[in-house]
Amino acid sequence: MSRFLLPLFVLMFAAYRVVAADIALDGDCPPGFELTAGHCELRSLYQMYDSLENAGVGGLKTGLPGYRDGFTPQQIDLGRYLFFDPVLSVDGSVSCASCHQPDKGFADGRGRSIGVKDEPLKRSAPSLWNVAFLNSFFWDGRADSLEQQMLGPLYDTHEMGNSPENLLQTMNGIPAYRKLFAEAWPAEFKFPGAQIRLDQIYTAIVAFQTTLISLNSRYDQYAHGYADALTEREKEGMNVFRSFVARCAECHTPPLFTNQQIAVIGTPEPEGMLFDIGAEKTLNEPSQRGGFKIPSLRNIDLTAPYMHSGRFTTLREAAAFYTGGRGHAVPQGEQLKIHWHIWEPRLTDEELDRLVDFMKTLTDESFKPLEPAQLPSGLLPVHNNTAPTGITLTGEENNE
């Protein structure tokens with residue numbers, strides 16, 4: 001059955017009667033970016049160093065891999081509004097920020113995220129910090145660009161539930177958004193009747209996401225030469241992290257603290273949840289059964305619970321998993337090809353505690369963007385996967 005007959009934007013304006021014509025896009029670049037020839041370009045001390053392009057462990061002064069930048073300030077700010085606006089979902093109940101909340105490390109604090117059907121999804125929401133540097137996306141690595149990644153949640157029936165046709169109809173029916181898209185792409189809106197296009201929606205959201213840069217933690221200050229940025233215990237933890245006993249840095253390689261590879265580590269699923277085959281489906285490769293992308297540890301203290309389905313509630317539990325022995329949690333009947341870095345380091349309780357101390361030094365929210373106080377759609381920002389009070393997006397049902 002159809003959930004509603006009237007176009008989404010008509011129902012929204014009937015409920016809220018908000019005119020957002022006074023919203024204008026910011027002409028300045030976000031912090032950490034410099035306006036050059038009309039485009040925002042990243043500026044970081046890590047650009048001074050040679051990059052290993054994710055090969056090997058490297059030292060503290062290891063440079064960044066390739067990254068995305070070069071969007072206009074207006075495109076970036078438009079993407080910020082879209083990111084927080086639940087108008088992108090089929091019923092106005094879910095925004096990008098519902099699963100990627102700024103105050104929760106751009107994750108959502110859940111082991112398994114929740115979409116428009118108010119049911120748990122299969123996996124947790126990865127953090128969006130530093131996605132500008134990543135070369136694949138989703139836990140199973142099935143997307144190779146931010147634009148491709150975006151299509152998943154937007155049009156998945158369990159996540160945001162929209163369709164390209166409905167999204168275009170909705171966006172083009174909101175005058176405030178038509179005005180803002182014209183600000184972001186003035187040359188393409190010179191002619192009367194110009195319409196918002198899907199690629200412009202995607203580009204704006206990508207532009208915003210590429211500005212989510214987290215490279216100024218206390219660890220980074222230490223890496224750039226400020227020796228007192230870390231305590232003695234945190235330095236001990238860093239030494240454990242980088243040691244050939246723990247071998248953490250071989251997968252969680254600085255400065256991103258991920259080597260961006262798929263790894264089979266044999267982490268268990270939450271109680272009662274079926275085994276997730278992970279990247280085996282993506283790559284059509286049996287040796288990658290149960291394999292998942294190695295996540296960045298940037299802002300890891302903010303993104304509990306941990307692993308692809310939230311199996312561990314604390315950093316201490318997640319770190320202790322690696323001392324349990326190679327393949328110790330593999331379900332009965334599964335023959336997984338455990339990654340060769342996973343072995344039996346036999347870390348002590350004190351070493352595990354120091355590891356946790358060190359990982360907490362990777363927290364940096366200094367460039368966390370502001371949530372818009374008003375949205376062009378007239379809807380309210382959504383963080384808890386519930387529809388805003390006072391709006392009904394279910395219209396008269398038909399007999400399909």
# chains A, B, ... in the order shown; residues from 1 in each chain; ligands from 1
$ select_by_dssp --residues "stretch 243-377 of chain A" --states "strand (DSSP E)" --output "PyMOL selection string"
chain A and resi 262-264+291-293
$ residues_around --residues "stretch 217-228 of chain A" --least-positions-apart "6" --cutoff "7 Å" --atoms "only C-alpha atoms" --output "number ranges by chain"
A: 60-61, 361-364
$ residues_around --residues "A:Asp28" --least-positions-apart "2" --cutoff "10 Å" --atoms "only C-alpha atoms" --output "PyMOL selection string"
chain A and resi 25-26+30-31+33-35+38-40+72-74+76-77
$ write_last_selection --atoms "N, CA and C atoms" --output "compact mmCIF listing (two decimals), in the first residue's frame"
# COMPACT_ATOMS: atom_id res chain seq x y z
N LEU A 25 23.39 30.77 1.99
CA LEU A 25 24.55 29.90 2.13
C LEU A 25 25.79 30.69 2.52
N ASP A 26 26.62 30.07 3.33
CA ASP A 26 27.85 30.69 3.81
C ASP A 26 28.87 30.79 2.67
N PRO A 30 34.87 26.13 5.60
CA PRO A 30 34.89 25.65 6.99
C PRO A 30 36.29 25.73 7.57
N PRO A 31 36.43 25.64 8.88
CA PRO A 31 37.76 25.62 9.50
C PRO A 31 38.62 24.50 8.93
N PHE A 33 40.14 24.74 6.05
CA PHE A 33 40.15 24.86 4.59
C PHE A 33 40.44 26.32 4.21
N GLU A 34 41.06 26.50 3.06
CA GLU A 34 41.39 27.82 2.55
C GLU A 34 40.72 28.04 1.20
N LEU A 35 40.13 29.21 1.04
CA LEU A 35 39.46 29.54 -0.21
C LEU A 35 40.51 29.88 -1.27
N GLY A 38 38.01 30.31 -5.57
CA GLY A 38 36.59 30.01 -5.40
C GLY A 38 36.28 28.65 -4.82
N HIS A 39 37.30 27.86 -4.52
CA HIS A 39 37.08 26.53 -3.98
C HIS A 39 37.81 26.36 -2.65
N CYS A 40 37.29 25.48 -1.80
CA CYS A 40 37.87 25.24 -0.48
C CYS A 40 38.88 24.10 -0.57
N THR A 72 32.97 24.38 -3.60
CA THR A 72 32.76 25.78 -3.24
C THR A 72 32.17 25.87 -1.83
N PRO A 73 32.36 27.02 -1.16
CA PRO A 73 31.75 27.19 0.17
C PRO A 73 30.24 26.99 0.14
N GLN A 74 29.60 27.46 -0.94
CA GLN A 74 28.14 27.34 -1.02
C GLN A 74 27.70 25.88 -1.16
N ILE A 76 29.30 23.30 -0.02
CA ILE A 76 29.54 22.67 1.27
C ILE A 76 28.41 23.02 2.25
N ASP A 77 28.03 24.28 2.30
CA ASP A 77 27.00 24.69 3.26
C ASP A 77 25.64 24.13 2.88
$ closest_residue --among "A:His158, A:Lys104, A:Arg289, A:Arg68" --to "A:Lys368" --atoms "only C-alpha atoms"
A:Lys104
$ residues_around --residues "A:Phe244" --least-positions-apart "6" --cutoff "12 Å" --atoms "only C-alpha atoms" --output "PyMOL selection string"
chain A and resi 57+250+341-345+347
$ residues_around --residues "stretch 253-270 of chain A" --least-positions-apart "2" --cutoff "6 Å" --atoms "only C-alpha atoms" --output "VMD selection string"
chain A and resid 54 57 249 to 251 273 290 to 297 311 327 329 to 330 338 to 339
$ write_last_selection --atoms "N, CA and C atoms" --output "PDB file, in the first residue's frame"
ATOM      1  N   ASN A  54      49.136   4.369   2.645  1.00  0.00           N
ATOM      2  CA  ASN A  54      48.576   3.239   3.398  1.00  0.00           C
ATOM      3  C   ASN A  54      49.439   1.984   3.341  1.00  0.00           C
ATOM      4  N   VAL A  57      53.694   0.654   8.276  1.00  0.00           N
ATOM      5  CA  VAL A  57      53.284   1.297   9.515  1.00  0.00           C
ATOM      6  C   VAL A  57      53.693   2.763   9.530  1.00  0.00           C
ATOM      7  N   ALA A 249      49.139  -1.096  15.021  1.00  0.00           N
ATOM      8  CA  ALA A 249      49.376  -0.092  13.984  1.00  0.00           C
ATOM      9  C   ALA A 249      49.507  -0.701  12.596  1.00  0.00           C
ATOM     10  N   GLU A 250      49.671  -2.020  12.500  1.00  0.00           N
ATOM     11  CA  GLU A 250      49.787  -2.626  11.178  1.00  0.00           C
ATOM     12  C   GLU A 250      48.460  -2.577  10.421  1.00  0.00           C
ATOM     13  N   CYS A 251      47.354  -2.585  11.138  1.00  0.00           N
ATOM     14  CA  CYS A 251      46.028  -2.428  10.518  1.00  0.00           C
ATOM     15  C   CYS A 251      45.473  -1.023  10.730  1.00  0.00           C
ATOM     16  N   MET A 273      22.099 -13.145  17.026  1.00  0.00           N
ATOM     17  CA  MET A 273      22.199 -12.613  15.684  1.00  0.00           C
ATOM     18  C   MET A 273      22.926 -13.603  14.781  1.00  0.00           C
ATOM     19  N   GLY A 290      33.182 -13.268   6.422  1.00  0.00           N
ATOM     20  CA  GLY A 290      33.327 -12.657   7.741  1.00  0.00           C
ATOM     21  C   GLY A 290      34.311 -11.511   7.771  1.00  0.00           C
ATOM     22  N   GLY A 291      34.697 -11.010   6.597  1.00  0.00           N
ATOM     23  CA  GLY A 291      35.645  -9.901   6.529  1.00  0.00           C
ATOM     24  C   GLY A 291      34.947  -8.551   6.497  1.00  0.00           C
ATOM     25  N   PHE A 292      35.545  -7.581   7.152  1.00  0.00           N
ATOM     26  CA  PHE A 292      34.985  -6.223   7.192  1.00  0.00           C
ATOM     27  C   PHE A 292      36.113  -5.207   7.083  1.00  0.00           C
ATOM     28  N   LYS A 293      35.747  -4.002   6.665  1.00  0.00           N
ATOM     29  CA  LYS A 293      36.724  -2.927   6.565  1.00  0.00           C
ATOM     30  C   LYS A 293      37.298  -2.606   7.938  1.00  0.00           C
ATOM     31  N   ILE A 294      38.593  -2.358   7.959  1.00  0.00           N
ATOM     32  CA  ILE A 294      39.241  -1.944   9.199  1.00  0.00           C
ATOM     33  C   ILE A 294      38.870  -0.487   9.461  1.00  0.00           C
ATOM     34  N   PRO A 295      38.136  -0.213  10.532  1.00  0.00           N
ATOM     35  CA  PRO A 295      37.680   1.164  10.758  1.00  0.00           C
ATOM     36  C   PRO A 295      38.807   2.046  11.282  1.00  0.00           C
ATOM     37  N   SER A 296      38.680   3.328  11.053  1.00  0.00           N
ATOM     38  CA  SER A 296      39.589   4.289  11.666  1.00  0.00           C
ATOM     39  C   SER A 296      39.343   4.331  13.168  1.00  0.00           C
ATOM     40  N   LEU A 297      40.401   4.602  13.914  1.00  0.00           N
ATOM     41  CA  LEU A 297      40.266   4.766  15.364  1.00  0.00           C
ATOM     42  C   LEU A 297      40.120   6.231  15.756  1.00  0.00           C
ATOM     43  N   ARG A 311      29.165  -5.516  18.937  1.00  0.00           N
ATOM     44  CA  ARG A 311      29.334  -6.639  19.864  1.00  0.00           C
ATOM     45  C   ARG A 311      29.937  -6.226  21.202  1.00  0.00           C
ATOM     46  N   GLY A 327      41.158 -16.686  16.264  1.00  0.00           N
ATOM     47  CA  GLY A 327      39.933 -17.402  15.913  1.00  0.00           C
ATOM     48  C   GLY A 327      39.147 -17.937  17.090  1.00  0.00           C
ATOM     49  N   ALA A 329      36.699 -16.815  18.740  1.00  0.00           N
ATOM     50  CA  ALA A 329      35.259 -16.539  18.781  1.00  0.00           C
ATOM     51  C   ALA A 329      34.549 -16.948  17.498  1.00  0.00           C
ATOM     52  N   VAL A 330      35.224 -17.673  16.613  1.00  0.00           N
ATOM     53  CA  VAL A 330      34.595 -18.103  15.362  1.00  0.00           C
ATOM     54  C   VAL A 330      33.462 -19.087  15.679  1.00  0.00           C
ATOM     55  N   ILE A 338      41.329 -16.352   9.002  1.00  0.00           N
ATOM     56  CA  ILE A 338      41.649 -15.237   9.882  1.00  0.00           C
ATOM     57  C   ILE A 338      42.883 -14.500   9.370  1.00  0.00           C
ATOM     58  N   HIS A 339      42.812 -13.153   9.408  1.00  0.00           N
ATOM     59  CA  HIS A 339      43.907 -12.304   8.938  1.00  0.00           C
ATOM     60  C   HIS A 339      45.201 -12.655   9.674  1.00  0.00           C
TER      61      HIS A 339
END
$ residues_around --residues "A:Glu183" --least-positions-apart "5" --cutoff "10 Å" --atoms "only C-alpha atoms" --output "ChimeraX atom specification"
/A:24-27,74-75,78,177-178,188-189
$ residues_around --residues "A:Ile23" --least-positions-apart "4" --cutoff "10 Å" --atoms "only C-alpha atoms" --output "PyMOL selection string"
chain A and resi 19+176-177+179-180+374-376
$ closest_residue --among "A:Thr282, A:Pro305, A:Gly66, A:Val382" --to "A:Asp140" --atoms "only C-alpha atoms"
A:Thr282
$ closest_atom_pairs --of "stretch 109-222 of chain A" --to "stretch 283-286 of chain A" --cutoff "12 Å" --atoms "only C-alpha atoms" --output "CSV"
residue,atom,partner,partner_atom,distance
A:Asp140,CA,A:Leu283,CA,8.7
A:Gly141,CA,A:Leu283,CA,8.8
A:Arg142,CA,A:Leu283,CA,8.1
A:Ala143,CA,A:Leu283,CA,11.3
$ write_last_selection --atoms "C-alpha atoms" --output "CSV table (one decimal), in the first residue's frame"
chain,number,residue,atom,x,y,z
A,140,ASP,CA,31.9,-4.6,3.5
A,141,GLY,CA,33.6,-2.1,1.2
A,142,ARG,CA,31.0,-2.3,-1.6
A,143,ALA,CA,31.2,1.3,-2.6
$ select_by_dssp --residues "stretch 167-385 of chain A" --states "helix (DSSP H, G or I)" --output "compact mmCIF listing (two decimals) with N, CA and C atoms, in the first residue's frame"
# COMPACT_ATOMS: atom_id res chain seq x y z
N LEU A 167 12.43 11.86 -4.51
CA LEU A 167 13.37 12.83 -3.98
C LEU A 167 13.41 14.09 -4.85
N LEU A 168 13.47 13.92 -6.17
CA LEU A 168 13.48 15.07 -7.06
C LEU A 168 12.18 15.87 -6.96
N GLN A 169 11.05 15.17 -6.92
CA GLN A 169 9.77 15.87 -6.81
C GLN A 169 9.71 16.68 -5.52
N THR A 170 10.18 16.07 -4.44
CA THR A 170 10.16 16.75 -3.15
C THR A 170 11.05 17.98 -3.16
N MET A 171 12.30 17.83 -3.58
CA MET A 171 13.24 18.93 -3.52
C MET A 171 12.84 20.09 -4.44
N ASN A 172 12.36 19.76 -5.64
CA ASN A 172 11.97 20.82 -6.56
C ASN A 172 10.68 21.51 -6.14
N PRO A 175 10.55 25.85 -2.42
CA PRO A 175 11.17 27.08 -2.95
C PRO A 175 12.49 27.43 -2.29
N ALA A 176 12.60 27.23 -0.98
CA ALA A 176 13.83 27.58 -0.29
C ALA A 176 15.01 26.76 -0.81
N TYR A 177 14.78 25.50 -1.11
CA TYR A 177 15.86 24.68 -1.65
C TYR A 177 16.20 25.08 -3.09
N ARG A 178 15.21 25.43 -3.85
CA ARG A 178 15.50 25.88 -5.22
C ARG A 178 16.38 27.13 -5.19
N LYS A 179 16.10 28.01 -4.25
CA LYS A 179 16.92 29.23 -4.09
C LYS A 179 18.36 28.86 -3.70
N LEU A 180 18.51 27.93 -2.77
CA LEU A 180 19.85 27.58 -2.28
C LEU A 180 20.66 26.82 -3.34
N PHE A 181 20.01 25.95 -4.09
CA PHE A 181 20.71 25.26 -5.17
C PHE A 181 21.17 26.26 -6.24
N ALA A 182 20.37 27.30 -6.45
CA ALA A 182 20.77 28.34 -7.40
C ALA A 182 21.99 29.11 -6.89
N GLU A 183 22.10 29.27 -5.57
CA GLU A 183 23.29 29.90 -5.00
C GLU A 183 24.52 29.02 -5.17
N ALA A 184 24.32 27.71 -5.03
CA ALA A 184 25.45 26.78 -5.11
C ALA A 184 25.88 26.51 -6.54
N PRO A 186 25.12 28.74 -9.59
CA PRO A 186 24.48 29.88 -10.24
C PRO A 186 24.44 29.77 -11.76
N ALA A 187 25.48 29.22 -12.37
CA ALA A 187 25.51 29.13 -13.83
C ALA A 187 24.45 28.19 -14.37
N GLU A 188 24.06 27.19 -13.58
CA GLU A 188 23.10 26.19 -14.04
C GLU A 188 21.67 26.58 -13.73
N PHE A 189 21.49 27.68 -13.00
CA PHE A 189 20.13 28.13 -12.68
C PHE A 189 19.87 29.52 -13.27
N LEU A 198 19.62 15.27 -9.39
CA LEU A 198 20.12 14.32 -8.41
C LEU A 198 21.61 14.47 -8.19
N ASP A 199 22.38 14.66 -9.26
CA ASP A 199 23.83 14.77 -9.09
C ASP A 199 24.21 15.98 -8.26
N GLN A 200 23.40 17.04 -8.30
CA GLN A 200 23.68 18.21 -7.47
C GLN A 200 23.40 17.90 -5.99
N ILE A 201 22.36 17.15 -5.74
CA ILE A 201 22.07 16.73 -4.35
C ILE A 201 23.23 15.90 -3.82
N TYR A 202 23.67 14.93 -4.61
CA TYR A 202 24.75 14.07 -4.18
C TYR A 202 26.03 14.87 -3.95
N THR A 203 26.36 15.76 -4.89
CA THR A 203 27.59 16.54 -4.79
C THR A 203 27.60 17.41 -3.55
N ALA A 204 26.47 18.03 -3.24
CA ALA A 204 26.40 18.91 -2.07
C ALA A 204 26.65 18.12 -0.78
N ILE A 205 26.03 16.96 -0.65
CA ILE A 205 26.23 16.16 0.56
C ILE A 205 27.67 15.68 0.65
N VAL A 206 28.24 15.24 -0.48
CA VAL A 206 29.64 14.83 -0.49
C VAL A 206 30.54 16.00 -0.10
N ALA A 207 30.25 17.18 -0.63
CA ALA A 207 31.06 18.36 -0.31
C ALA A 207 31.10 18.60 1.19
N PHE A 208 29.95 18.48 1.83
CA PHE A 208 29.91 18.66 3.28
C PHE A 208 30.69 17.56 3.99
N GLN A 209 30.49 16.32 3.59
CA GLN A 209 31.15 15.20 4.27
C GLN A 209 32.67 15.30 4.18
N ARG A 218 45.16 15.32 20.62
CA ARG A 218 46.40 15.42 21.40
C ARG A 218 47.48 14.52 20.82
N TYR A 219 47.06 13.38 20.25
CA TYR A 219 48.05 12.55 19.56
C TYR A 219 48.71 13.32 18.42
N ASP A 220 47.92 14.04 17.64
CA ASP A 220 48.47 14.79 16.51
C ASP A 220 49.43 15.87 16.98
N GLN A 221 49.08 16.53 18.07
CA GLN A 221 49.99 17.54 18.61
C GLN A 221 51.32 16.90 19.01
N TYR A 222 51.25 15.71 19.58
CA TYR A 222 52.47 14.98 19.91
C TYR A 222 53.23 14.59 18.65
N ALA A 223 52.53 14.11 17.65
CA ALA A 223 53.17 13.68 16.41
C ALA A 223 53.87 14.84 15.72
N ALA A 227 55.90 17.35 22.77
CA ALA A 227 56.11 16.13 23.56
C ALA A 227 55.19 16.03 24.77
N ASP A 228 54.76 17.18 25.31
CA ASP A 228 53.94 17.15 26.52
C ASP A 228 52.45 17.01 26.22
N ALA A 229 52.08 16.80 24.97
CA ALA A 229 50.66 16.64 24.63
C ALA A 229 50.08 15.35 25.19
N GLU A 232 52.50 10.27 30.42
CA GLU A 232 53.40 9.12 30.37
C GLU A 232 52.63 7.83 30.12
N ARG A 233 51.46 7.69 30.72
CA ARG A 233 50.66 6.49 30.50
C ARG A 233 50.19 6.40 29.06
N GLU A 234 49.81 7.52 28.49
CA GLU A 234 49.38 7.53 27.10
C GLU A 234 50.52 7.20 26.15
N LYS A 235 51.70 7.68 26.47
CA LYS A 235 52.88 7.32 25.67
C LYS A 235 53.17 5.83 25.77
N GLU A 236 53.02 5.28 26.97
CA GLU A 236 53.19 3.83 27.13
C GLU A 236 52.19 3.08 26.25
N GLY A 237 50.96 3.57 26.23
CA GLY A 237 49.94 2.94 25.39
C GLY A 237 50.27 3.05 23.92
N MET A 238 50.82 4.19 23.50
CA MET A 238 51.23 4.35 22.10
C MET A 238 52.33 3.37 21.75
N ASN A 239 53.25 3.15 22.67
CA ASN A 239 54.33 2.19 22.42
C ASN A 239 53.79 0.77 22.30
N VAL A 240 52.80 0.42 23.12
CA VAL A 240 52.16 -0.89 22.98
C VAL A 240 51.46 -0.98 21.63
N PHE A 241 50.75 0.07 21.27
CA PHE A 241 49.99 0.12 20.02
C PHE A 241 50.90 -0.11 18.82
N ARG A 242 52.09 0.47 18.84
CA ARG A 242 53.00 0.41 17.71
C ARG A 242 53.96 -0.78 17.78
N CYS A 248 48.98 -3.40 16.61
CA CYS A 248 47.76 -2.63 16.30
C CYS A 248 47.95 -1.73 15.09
N ALA A 249 49.14 -1.10 15.02
CA ALA A 249 49.38 -0.09 13.98
C ALA A 249 49.51 -0.70 12.60
N GLU A 250 49.67 -2.02 12.50
CA GLU A 250 49.79 -2.63 11.18
C GLU A 250 48.46 -2.58 10.42
N CYS A 251 47.35 -2.58 11.14
CA CYS A 251 46.03 -2.43 10.52
C CYS A 251 45.47 -1.02 10.73
N ALA A 279 32.33 -9.19 3.63
CA ALA A 279 32.87 -8.89 2.30
C ALA A 279 32.87 -10.09 1.37
N GLU A 280 32.53 -11.27 1.85
CA GLU A 280 32.45 -12.41 0.94
C GLU A 280 31.45 -12.13 -0.18
N LYS A 281 30.33 -11.52 0.17
CA LYS A 281 29.31 -11.20 -0.83
C LYS A 281 29.80 -10.10 -1.76
N THR A 282 30.43 -9.06 -1.21
CA THR A 282 30.90 -7.94 -2.01
C THR A 282 31.93 -8.39 -3.04
N LEU A 283 32.89 -9.17 -2.60
CA LEU A 283 34.02 -9.55 -3.45
C LEU A 283 33.82 -10.88 -4.15
N PRO A 286 35.31 -16.45 -1.22
CA PRO A 286 35.11 -17.21 0.01
C PRO A 286 36.14 -16.92 1.10
N SER A 287 37.38 -16.55 0.72
CA SER A 287 38.39 -16.28 1.72
C SER A 287 38.09 -15.02 2.53
N GLN A 288 37.17 -14.19 2.04
CA GLN A 288 36.78 -12.96 2.74
C GLN A 288 35.48 -13.13 3.53
N ILE A 300 37.42 7.30 18.31
CA ILE A 300 36.86 6.00 18.66
C ILE A 300 36.20 6.00 20.03
N ASP A 301 36.65 6.86 20.92
CA ASP A 301 36.06 6.92 22.26
C ASP A 301 34.63 7.41 22.23
N LEU A 302 34.21 8.03 21.10
CA LEU A 302 32.86 8.60 21.01
C LEU A 302 31.87 7.67 20.32
N LEU A 315 35.69 0.22 24.88
CA LEU A 315 36.99 0.09 24.22
C LEU A 315 37.83 -1.01 24.87
N ARG A 316 37.72 -1.14 26.17
CA ARG A 316 38.48 -2.17 26.89
C ARG A 316 38.08 -3.56 26.41
N GLU A 317 36.79 -3.79 26.25
CA GLU A 317 36.31 -5.09 25.76
C GLU A 317 36.81 -5.35 24.34
N ALA A 318 36.75 -4.31 23.49
CA ALA A 318 37.19 -4.48 22.11
C ALA A 318 38.68 -4.79 22.04
N ALA A 319 39.48 -4.09 22.86
CA ALA A 319 40.92 -4.34 22.86
C ALA A 319 41.22 -5.74 23.38
N ALA A 320 40.49 -6.17 24.41
CA ALA A 320 40.75 -7.48 25.01
C ALA A 320 40.41 -8.63 24.06
N PHE A 321 39.52 -8.40 23.10
CA PHE A 321 39.17 -9.45 22.14
C PHE A 321 40.42 -9.98 21.44
N ASP A 349 46.78 -7.00 31.62
CA ASP A 349 45.70 -6.06 31.91
C ASP A 349 46.21 -4.62 31.88
N GLU A 350 47.42 -4.41 32.39
CA GLU A 350 47.97 -3.05 32.39
C GLU A 350 48.22 -2.57 30.97
N GLU A 351 48.73 -3.44 30.11
CA GLU A 351 48.96 -3.04 28.72
C GLU A 351 47.66 -2.73 28.01
N LEU A 352 46.61 -3.50 28.29
CA LEU A 352 45.31 -3.20 27.70
C LEU A 352 44.78 -1.86 28.19
N ASP A 353 44.97 -1.59 29.47
CA ASP A 353 44.53 -0.29 30.00
C ASP A 353 45.27 0.86 29.34
N ARG A 354 46.57 0.67 29.11
CA ARG A 354 47.35 1.73 28.47
C ARG A 354 46.93 1.91 27.01
N LEU A 355 46.58 0.81 26.35
CA LEU A 355 46.07 0.92 24.98
C LEU A 355 44.82 1.79 24.93
N VAL A 356 43.93 1.56 25.87
CA VAL A 356 42.70 2.36 25.92
C VAL A 356 43.04 3.82 26.19
N ASP A 357 43.98 4.06 27.12
CA ASP A 357 44.40 5.43 27.39
C ASP A 357 44.87 6.11 26.10
N PHE A 358 45.67 5.38 25.32
CA PHE A 358 46.19 5.97 24.08
C PHE A 358 45.08 6.23 23.07
N MET A 359 44.19 5.29 22.88
CA MET A 359 43.14 5.47 21.88
C MET A 359 42.26 6.67 22.20
N LYS A 360 42.12 7.00 23.47
CA LYS A 360 41.32 8.15 23.84
C LYS A 360 41.99 9.47 23.45
N THR A 361 43.30 9.43 23.19
CA THR A 361 43.98 10.66 22.76
C THR A 361 43.69 10.99 21.31
N LEU A 362 43.00 10.11 20.60
CA LEU A 362 42.68 10.33 19.19
C LEU A 362 41.39 11.11 19.00
$ atom_distance --atom1 "atom CA of A:Arg112" --atom2 "atom CA of A:Gln332"
23.4 Å
$ decode --residues "stretch 109-124 of chain A" --atoms "N, CA and C atoms" --output "PDB file, in the first residue's frame"
ATOM      1  N   GLY A 109      25.656   5.659  18.277  1.00  0.00           N
ATOM      2  CA  GLY A 109      25.598   5.063  19.606  1.00  0.00           C
ATOM      3  C   GLY A 109      24.854   3.750  19.666  1.00  0.00           C
ATOM      4  N   ARG A 110      24.527   3.177  18.509  1.00  0.00           N
ATOM      5  CA  ARG A 110      23.802   1.913  18.462  1.00  0.00           C
ATOM      6  C   ARG A 110      24.683   0.824  17.854  1.00  0.00           C
ATOM      7  N   GLY A 111      24.469  -0.403  18.310  1.00  0.00           N
ATOM      8  CA  GLY A 111      25.142  -1.524  17.677  1.00  0.00           C
ATOM      9  C   GLY A 111      24.617  -1.769  16.281  1.00  0.00           C
ATOM     10  N   ARG A 112      23.334  -1.503  16.082  1.00  0.00           N
ATOM     11  CA  ARG A 112      22.696  -1.635  14.770  1.00  0.00           C
ATOM     12  C   ARG A 112      21.775  -0.436  14.594  1.00  0.00           C
ATOM     13  N   SER A 113      21.982   0.294  13.517  1.00  0.00           N
ATOM     14  CA  SER A 113      21.226   1.520  13.291  1.00  0.00           C
ATOM     15  C   SER A 113      19.755   1.232  13.007  1.00  0.00           C
ATOM     16  N   ILE A 114      18.945   2.273  13.051  1.00  0.00           N
ATOM     17  CA  ILE A 114      17.496   2.158  12.838  1.00  0.00           C
ATOM     18  C   ILE A 114      17.087   3.103  11.722  1.00  0.00           C
ATOM     19  N   GLY A 115      16.265   2.608  10.793  1.00  0.00           N
ATOM     20  CA  GLY A 115      15.832   3.407   9.665  1.00  0.00           C
ATOM     21  C   GLY A 115      14.362   3.768   9.721  1.00  0.00           C
ATOM     22  N   VAL A 116      13.769   4.008   8.541  1.00  0.00           N
ATOM     23  CA  VAL A 116      12.394   4.517   8.480  1.00  0.00           C
ATOM     24  C   VAL A 116      11.367   3.520   8.990  1.00  0.00           C
ATOM     25  N   LYS A 117      11.682   2.240   8.966  1.00  0.00           N
ATOM     26  CA  LYS A 117      10.719   1.245   9.451  1.00  0.00           C
ATOM     27  C   LYS A 117      10.845   0.997  10.943  1.00  0.00           C
ATOM     28  N   ASP A 118      11.697   1.781  11.604  1.00  0.00           N
ATOM     29  CA  ASP A 118      11.880   1.702  13.052  1.00  0.00           C
ATOM     30  C   ASP A 118      12.312   0.310  13.493  1.00  0.00           C
ATOM     31  N   GLU A 119      13.075  -0.356  12.643  1.00  0.00           N
ATOM     32  CA  GLU A 119      13.597  -1.677  12.968  1.00  0.00           C
ATOM     33  C   GLU A 119      15.118  -1.643  12.863  1.00  0.00           C
ATOM     34  N   PRO A 120      15.819  -2.444  13.683  1.00  0.00           N
ATOM     35  CA  PRO A 120      17.286  -2.461  13.604  1.00  0.00           C
ATOM     36  C   PRO A 120      17.760  -2.922  12.230  1.00  0.00           C
ATOM     37  N   LEU A 121      18.763  -2.230  11.709  1.00  0.00           N
ATOM     38  CA  LEU A 121      19.394  -2.634  10.459  1.00  0.00           C
ATOM     39  C   LEU A 121      20.413  -3.737  10.744  1.00  0.00           C
ATOM     40  N   LYS A 122      21.100  -4.174   9.726  1.00  0.00           N
ATOM     41  CA  LYS A 122      22.005  -5.317   9.874  1.00  0.00           C
ATOM     42  C   LYS A 122      23.295  -4.947  10.595  1.00  0.00           C
ATOM     43  N   ARG A 123      23.761  -3.691  10.412  1.00  0.00           N
ATOM     44  CA  ARG A 123      25.058  -3.304  10.939  1.00  0.00           C
ATOM     45  C   ARG A 123      24.997  -1.925  11.596  1.00  0.00           C
ATOM     46  N   SER A 124      26.097  -1.566  12.236  1.00  0.00           N
ATOM     47  CA  SER A 124      26.196  -0.251  12.862  1.00  0.00           C
ATOM     48  C   SER A 124      26.546   0.809  11.825  1.00  0.00           C
TER      49      SER A 124
END
